[in-house]
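Enquirer: Just so it is clear, I am handing over data.txt, which has compact mmCIF, C-alpha atoms.
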# COMPACT_ATOMS: atom_id res chain seq x y z
CA MET A 223 77.67 177.59 161.26
CA LYS A 224 80.76 179.63 160.53
CA ASP A 225 82.03 181.38 157.39
CA TYR A 226 78.66 180.72 155.74
CA ILE A 227 79.24 176.97 155.93
CA GLY A 228 76.47 175.00 157.64
CA ILE A 229 77.30 171.53 158.91
CA PHE A 230 74.25 169.54 160.04
CA PRO A 231 75.12 166.22 161.73
CA GLU A 232 72.48 163.47 161.69
CA ALA A 233 70.36 165.37 159.13
CA ALA A 234 69.53 162.09 157.39
CA PRO A 235 68.81 158.76 159.09
CA ARG A 236 71.19 155.85 158.58
CA GLU A 237 68.43 153.81 156.91
CA TYR A 238 67.88 156.46 154.25
CA CYS A 239 71.60 156.78 153.48
CA GLU A 240 71.96 153.03 153.14
CA GLN A 241 68.87 152.83 150.94
CA VAL A 242 70.38 155.39 148.53
CA ILE A 243 73.70 153.50 148.40
CA LYS A 244 71.88 150.21 147.68
CA TRP A 245 69.81 151.92 144.98
CA PHE A 246 72.99 153.33 143.38
CA GLU A 247 74.71 149.95 143.40
CA TYR A 248 71.61 148.20 142.03
CA ASN A 249 71.44 150.64 139.12
CA LYS A 250 75.14 150.23 138.49
CA LYS A 251 74.71 146.48 138.24
CA GLU A 252 71.28 146.19 136.64
CA GLY A 253 70.84 149.50 134.80
CA SER A 254 67.12 149.35 135.57
CA ALA A 255 64.64 151.55 133.74
CA GLY A 256 67.32 152.84 131.40
CA LYS A 257 69.24 154.44 134.25
CA LYS A 258 72.96 153.94 134.39
CA ILE A 259 75.98 154.97 136.33
CA ILE A 260 78.37 157.19 134.38
CA ASN A 261 82.14 157.47 134.58
CA ARG A 262 82.97 161.14 135.09
CA GLN A 263 85.92 161.19 132.69
CA GLU A 264 83.75 159.89 129.85
CA LEU A 265 80.88 162.23 130.62
CA GLU A 266 82.86 165.44 131.07
CA GLN A 267 85.96 164.64 129.04
CA VAL A 268 88.27 165.44 131.93
CA LYS A 269 91.46 163.84 133.18
CA SER A 270 91.42 161.67 136.29
CA VAL A 271 93.79 164.12 137.98
CA GLU A 272 90.93 166.65 137.85
CA LYS A 273 87.78 164.63 138.56
CA ASP A 274 87.54 160.92 139.16
CA SER A 275 84.31 159.22 140.24
CA GLU A 276 81.20 157.39 139.14
CA LEU A 277 77.93 159.26 139.25
CA PHE A 278 74.21 159.01 138.67
CA PHE A 279 72.19 162.06 137.62
CA PHE A 280 68.57 162.57 138.55
CA GLU A 281 67.50 164.89 135.77
CA ASN A 282 63.96 166.04 136.34
CA PRO A 283 62.40 168.65 134.03
CA GLU A 284 60.10 169.74 136.84
CA VAL A 285 61.09 171.64 139.95
CA LEU A 286 61.99 169.07 142.59
CA THR A 287 59.85 169.68 145.64
CA VAL A 288 58.92 167.52 148.60
CA GLU A 289 55.97 166.35 146.50
CA THR A 290 58.30 164.63 144.01
CA LYS A 291 57.11 161.10 143.30
CA SER A 292 60.48 159.43 143.75
CA ALA A 293 60.88 158.41 147.39
CA ILE A 294 64.62 159.07 147.28
CA LEU A 295 64.15 162.61 145.98
CA GLN A 296 61.19 163.28 148.22
CA ASP A 297 63.18 162.42 151.34
CA PHE A 298 66.23 164.28 150.03
CA GLY A 299 64.07 167.37 149.51
CA LYS A 300 62.87 167.21 153.12
CA ILE A 301 66.44 166.90 154.38
CA ILE A 302 67.53 169.92 152.33
CA TRP A 303 64.65 172.12 153.43
CA ASN A 304 65.03 171.23 157.11
CA CYS A 305 68.70 172.23 157.03
CA TYR A 306 68.08 175.23 154.80
CA GLN A 307 65.53 176.67 157.23
CA ALA A 308 68.19 176.82 159.98
CA TYR A 309 70.74 178.18 157.50
CA ARG A 310 68.32 180.86 156.32
CA LYS A 311 67.54 181.82 159.90
CA LYS A 312 71.25 182.43 160.50
CA TYR A 313 71.75 184.29 157.20
CA GLY A 314 68.53 186.29 156.89
CA ILE A 315 69.55 188.02 153.66
CA LEU A 316 68.49 184.82 151.90
CA ASP A 317 64.89 185.75 152.67
CA SER A 318 65.17 188.63 150.21
CA LEU A 319 66.12 186.31 147.34
CA ASP A 320 63.70 184.35 145.20
CA LEU A 321 65.54 181.25 146.36
CA HIS A 322 62.99 178.55 146.79
CA LYS A 323 63.92 176.01 144.17
CA ILE A 324 66.02 172.91 144.40
CA SER A 325 68.02 172.40 141.22
CA PRO A 326 66.57 169.82 138.83
CA SER A 327 70.06 168.30 138.79
CA VAL A 328 70.64 165.93 141.72
CA LYS A 329 73.66 163.63 141.73
CA ILE A 330 74.73 160.53 143.62
CA GLN A 331 78.47 159.97 143.42
CA LYS A 332 80.79 157.14 144.41
CA TYR A 333 84.51 157.58 145.00
CA GLU A 334 86.88 154.64 145.30
CA PRO A 335 90.18 155.04 147.20
CA GLY A 336 92.28 157.65 145.40
CA GLN A 337 89.34 159.08 143.46
CA GLY A 338 88.03 162.58 144.12
CA TYR A 339 87.25 166.01 142.72
CA HIS A 340 90.89 166.98 142.90
CA VAL A 341 90.87 170.55 141.60
CA TRP A 342 89.74 173.67 143.47
CA HIS A 343 86.42 174.82 142.06
CA CYS A 344 83.25 176.71 142.84
CA ASP A 345 79.81 175.43 141.88
CA ALA A 346 78.63 178.63 140.16
CA ASN A 347 81.40 179.10 137.62
CA ASN A 348 79.70 179.82 134.29
CA ILE A 349 76.47 181.13 132.78
CA LEU A 350 74.81 177.72 132.98
CA SER A 351 75.46 177.41 136.72
CA SER A 352 75.04 181.10 137.61
CA ARG A 353 71.61 180.56 139.25
CA ARG A 354 73.19 178.41 141.97
CA ILE A 355 73.33 180.25 145.28
CA VAL A 356 73.78 177.54 147.91
CA SER A 357 75.36 174.10 147.43
CA GLY A 358 74.04 171.13 149.38
CA LEU A 359 75.85 167.84 149.98
CA LEU A 360 74.80 164.77 151.95
CA TYR A 361 77.40 162.24 153.10
CA LEU A 362 75.83 158.82 152.61
CA ASN A 363 78.53 156.91 154.48
CA THR A 364 81.36 157.52 156.92
CA VAL A 365 84.92 157.50 155.61
CA GLU A 366 87.45 156.75 158.32
CA ASN A 367 90.49 158.12 156.48
CA GLY A 368 90.38 160.93 153.92
CA GLY A 369 87.44 161.93 151.74
CA GLU A 370 86.96 165.38 153.27
CA THR A 371 85.31 168.32 151.56
CA GLU A 372 88.03 170.96 151.81
CA PHE A 373 87.39 174.71 151.58
CA LEU A 374 90.37 176.74 150.39
CA TYR A 375 89.86 180.22 151.86
CA GLN A 376 88.14 179.03 155.02
CA SER A 377 90.96 176.55 155.84
CA LEU A 378 88.34 173.94 156.65
CA ARG A 379 88.02 170.22 156.01
CA VAL A 380 84.65 168.60 156.63
CA ALA A 381 84.97 164.89 157.33
CA PRO A 382 82.45 162.62 155.60
CA VAL A 383 80.20 161.25 158.34
CA GLN A 384 77.06 159.35 157.39
CA GLY A 385 73.92 161.50 157.58
CA THR A 386 75.74 164.84 157.79
CA PHE A 387 74.42 167.53 155.45
CA LEU A 388 76.61 170.41 154.30
CA LEU A 389 75.45 173.79 152.99
CA SER A 390 77.79 176.43 151.58
CA PRO A 391 77.74 179.32 149.10
CA SER A 392 78.13 178.21 145.50
CA GLY A 393 80.21 181.19 144.37
CA TRP A 394 83.84 182.24 144.16
CA THR A 395 84.19 182.95 147.90
CA HIS A 396 84.04 179.24 148.70
CA PRO A 397 86.26 177.25 146.34
CA HIS A 398 86.47 173.67 147.50
CA ARG A 399 87.50 170.20 146.44
CA GLY A 400 86.62 166.63 147.33
CA ASN A 401 89.64 164.89 148.79
CA PRO A 402 89.98 161.20 147.96
CA PRO A 403 89.12 158.51 150.46
CA LEU A 404 92.34 156.76 151.45
CA ALA A 405 90.59 153.53 152.35
CA GLY A 406 87.09 152.34 151.51
CA THR A 407 84.55 154.07 149.30
CA LYS A 408 82.81 157.41 149.68
CA TYR A 409 79.20 158.06 148.64
CA ILE A 410 77.62 161.50 148.46
CA MET A 411 74.41 163.03 147.17
CA ASN A 412 74.37 166.66 146.14
CA THR A 413 72.39 169.44 144.52
CA TRP A 414 71.99 173.22 144.67
CA LEU A 415 69.47 175.80 145.80
CA GLU A 416 68.88 178.17 142.92
CA LEU A 417 67.30 181.50 142.15
CA MET A 418 63.84 181.17 140.67
CA GLU A 419 63.60 181.89 136.95
Can the structure in the file be given as structure tokens, please?

Expert:
Amino acid sequence: MKDYIGIFPEAAPREYCEQVIKWFEYNKKEGSAGKKIINRQELEQVKSVEKDSELFFFENPEVLTVETKSAILQDFGKIIWNCYQAYRKKYGILDSLDLHKISPSVKIQKYEPGQGYHVWHCDANNILSSRRIVSGLLYLNTVENGGETEFLYQSLRVAPVQGTFLLSPSGWTHPHRGNPPLAGTKYIMNTWLELME
């Protein structure tokens, strides 16, 4: 951990990552249970030079804890908390915050070659996202060329390696972007740790 960025290799097993990718692709094809994959430009009314991907939102009105019924979210919650415990140990000030809630917004995203979150941004950038303190991202597959999460002020690129979990501050000190994969697809799953209401 350096510059408040925690990189946790092998935080998620290969089988779990592949299960999530298969689940995403099944829902894209079948649209089961009313779930569907959304094109980011249509959803957010942005240009492809800003954000370009397909995504699936888990929107749960309840706080997502390790007791969540969905197996995907339950396992994701365990992965987050395991990594967060080490992160919190390093940055003890987090113990003084009422920060024990995973955001009810969890996303799975797929990027084709050339797609990405091209613009520099921070994850807590308006009143609606102001409760976000720590951002969490799980790389579901390995991208051999491109696809890094790049941090502007820290001059850091984190390569997407299957099972690696990334934690970083959500605020203005850590603007970042998702570079496009140059070959193959990139799958990620992400959410935030938030202040309690």

Enquirer: For Thr386 in chain A, work out the shell of residues within 7 Å, counting all atoms listed in the file and skipping chain neighbours fewer than 4 positions away, then give it as a PyMOL selection string.

Expert: chain A and resi 229-234+360-361

Enquirer: For those residues, write C-alpha atoms to a file as a PDB file, keeping the file's coordinate frame.

Expert:
ATOM      1  CA  ILE A 229      77.300 171.530 158.910  1.00  0.00           C
ATOM      2  CA  PHE A 230      74.250 169.540 160.040  1.00  0.00           C
ATOM      3  CA  PRO A 231      75.120 166.220 161.730  1.00  0.00           C
ATOM      4  CA  GLU A 232      72.480 163.470 161.690  1.00  0.00           C
ATOM      5  CA  ALA A 233      70.360 165.370 159.130  1.00  0.00           C
ATOM      6  CA  ALA A 234      69.530 162.090 157.390  1.00  0.00           C
ATOM      7  CA  LEU A 360      74.800 164.770 151.950  1.00  0.00           C
ATOM      8  CA  TYR A 361      77.400 162.240 153.100  1.00  0.00           C
TER       9      TYR A 361
END

Enquirer: Mind pulling up the distance from CA of Asn367 in chain A to CA of Lys251 in chain A?

Expert: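 Between CA of Lys251 in chain A and CA of Asn367 in chain A the gap is 26.8 Å.
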
Enquirer: Mind checking which residues fall within 12 Å of Glu237 in chain A, counting all atoms listed in the file, ignoring those fewer than 6 positions away in the same chain, and posting them as JSON, numbers by chain?

Expert: {"A": [243, 244, 294, 297, 362, 363, 384, 385]}

Enquirer: At what distance in Å, to one decimal, does CA of Arg236 in chain A lie from CA of Pro403 in chain A?

Expert: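 Distance reported for this atom pair: 19.9 Å.
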
Enquirer: Please indicate the distance in Å from CA of Thr407 in chain A to CA of Val242 in chain A, rounded to one decimal place.

Expert: 14.3 Å

Enquirer: Which residue is closest to Lys311 in chain A? Choose from A:Gly393, A:Met223, A:Gln296, A:Arg354 and count only C-alpha atoms.

Expert: A:Met223

Enquirer: Quick one: everything within 10 Å of Ala308 in chain A, counting all atoms listed in the file, minus sequence neighbours fewer than 4 positions away in the same chain. Send it as a list in words.

Expert: Met223, Gly228, Phe230, Trp303, Asn304, Lys312, Tyr313 and Gly314 of chain A

Enquirer: Go through A:Lys332, A:Lys408, A:Lys323, A:His396 one by one, measure the shortest atom-to-atom distance of each to Tyr226 in chain A using only C-alpha atoms, and give the residue with the smallest value.

Expert: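 Nearest to Tyr226 in chain A: A:His396.
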
Enquirer: For Leu389 in chain A, which residue among A:Met411, A:Val356, A:Val341, A:Met418 is the nearest when counting all atoms listed in the file?

Expert: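 Going through A:Met411, A:Val356, A:Val341, A:Met418 one by one, the smallest distance to Leu389 in chain A is for A:Val356.
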
Enquirer: Looking at A:Asn412, A:Ser390, A:Ser292, A:Asn249, which one is nearest to Tyr306 in chain A, with distances taken over only C-alpha atoms?

Expert: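 So, comparing all the options, the nearest one is A:Ser390.
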
Enquirer: Rank nothing, just name the residue among A:Thr364, A:Thr371, A:Ser327, A:Asn347 nearest to Thr395 in chain A, using all atoms listed in the file.

Expert: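 Smallest distance to Thr395 in chain A is found for A:Asn347.
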
Enquirer: Here's a test: counting all atoms listed in the file, identify every protein, DNA and RNA residue with an atom at most 8 Å from (67.8, 170.8, 141.8) in the file's coordinate frame, and state them as a list in words.

Expert: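 The distance filter leaves exactly Val285, Leu286, Lys323, Ile324, Ser325, Pro326, Ser327, Val328, Thr413, Trp414, Leu415 and Glu416 of chain A.
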
Enquirer: Rank A:Leu350, A:Cys344, A:Ile355, A:Cys305 by their smallest atom-to-atom distance to Tyr375 in chain A, using all atoms listed in the file, and report the top residue only.

Expert: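 Closest to Tyr375 in chain A, using all atoms listed in the file: A:Cys344.
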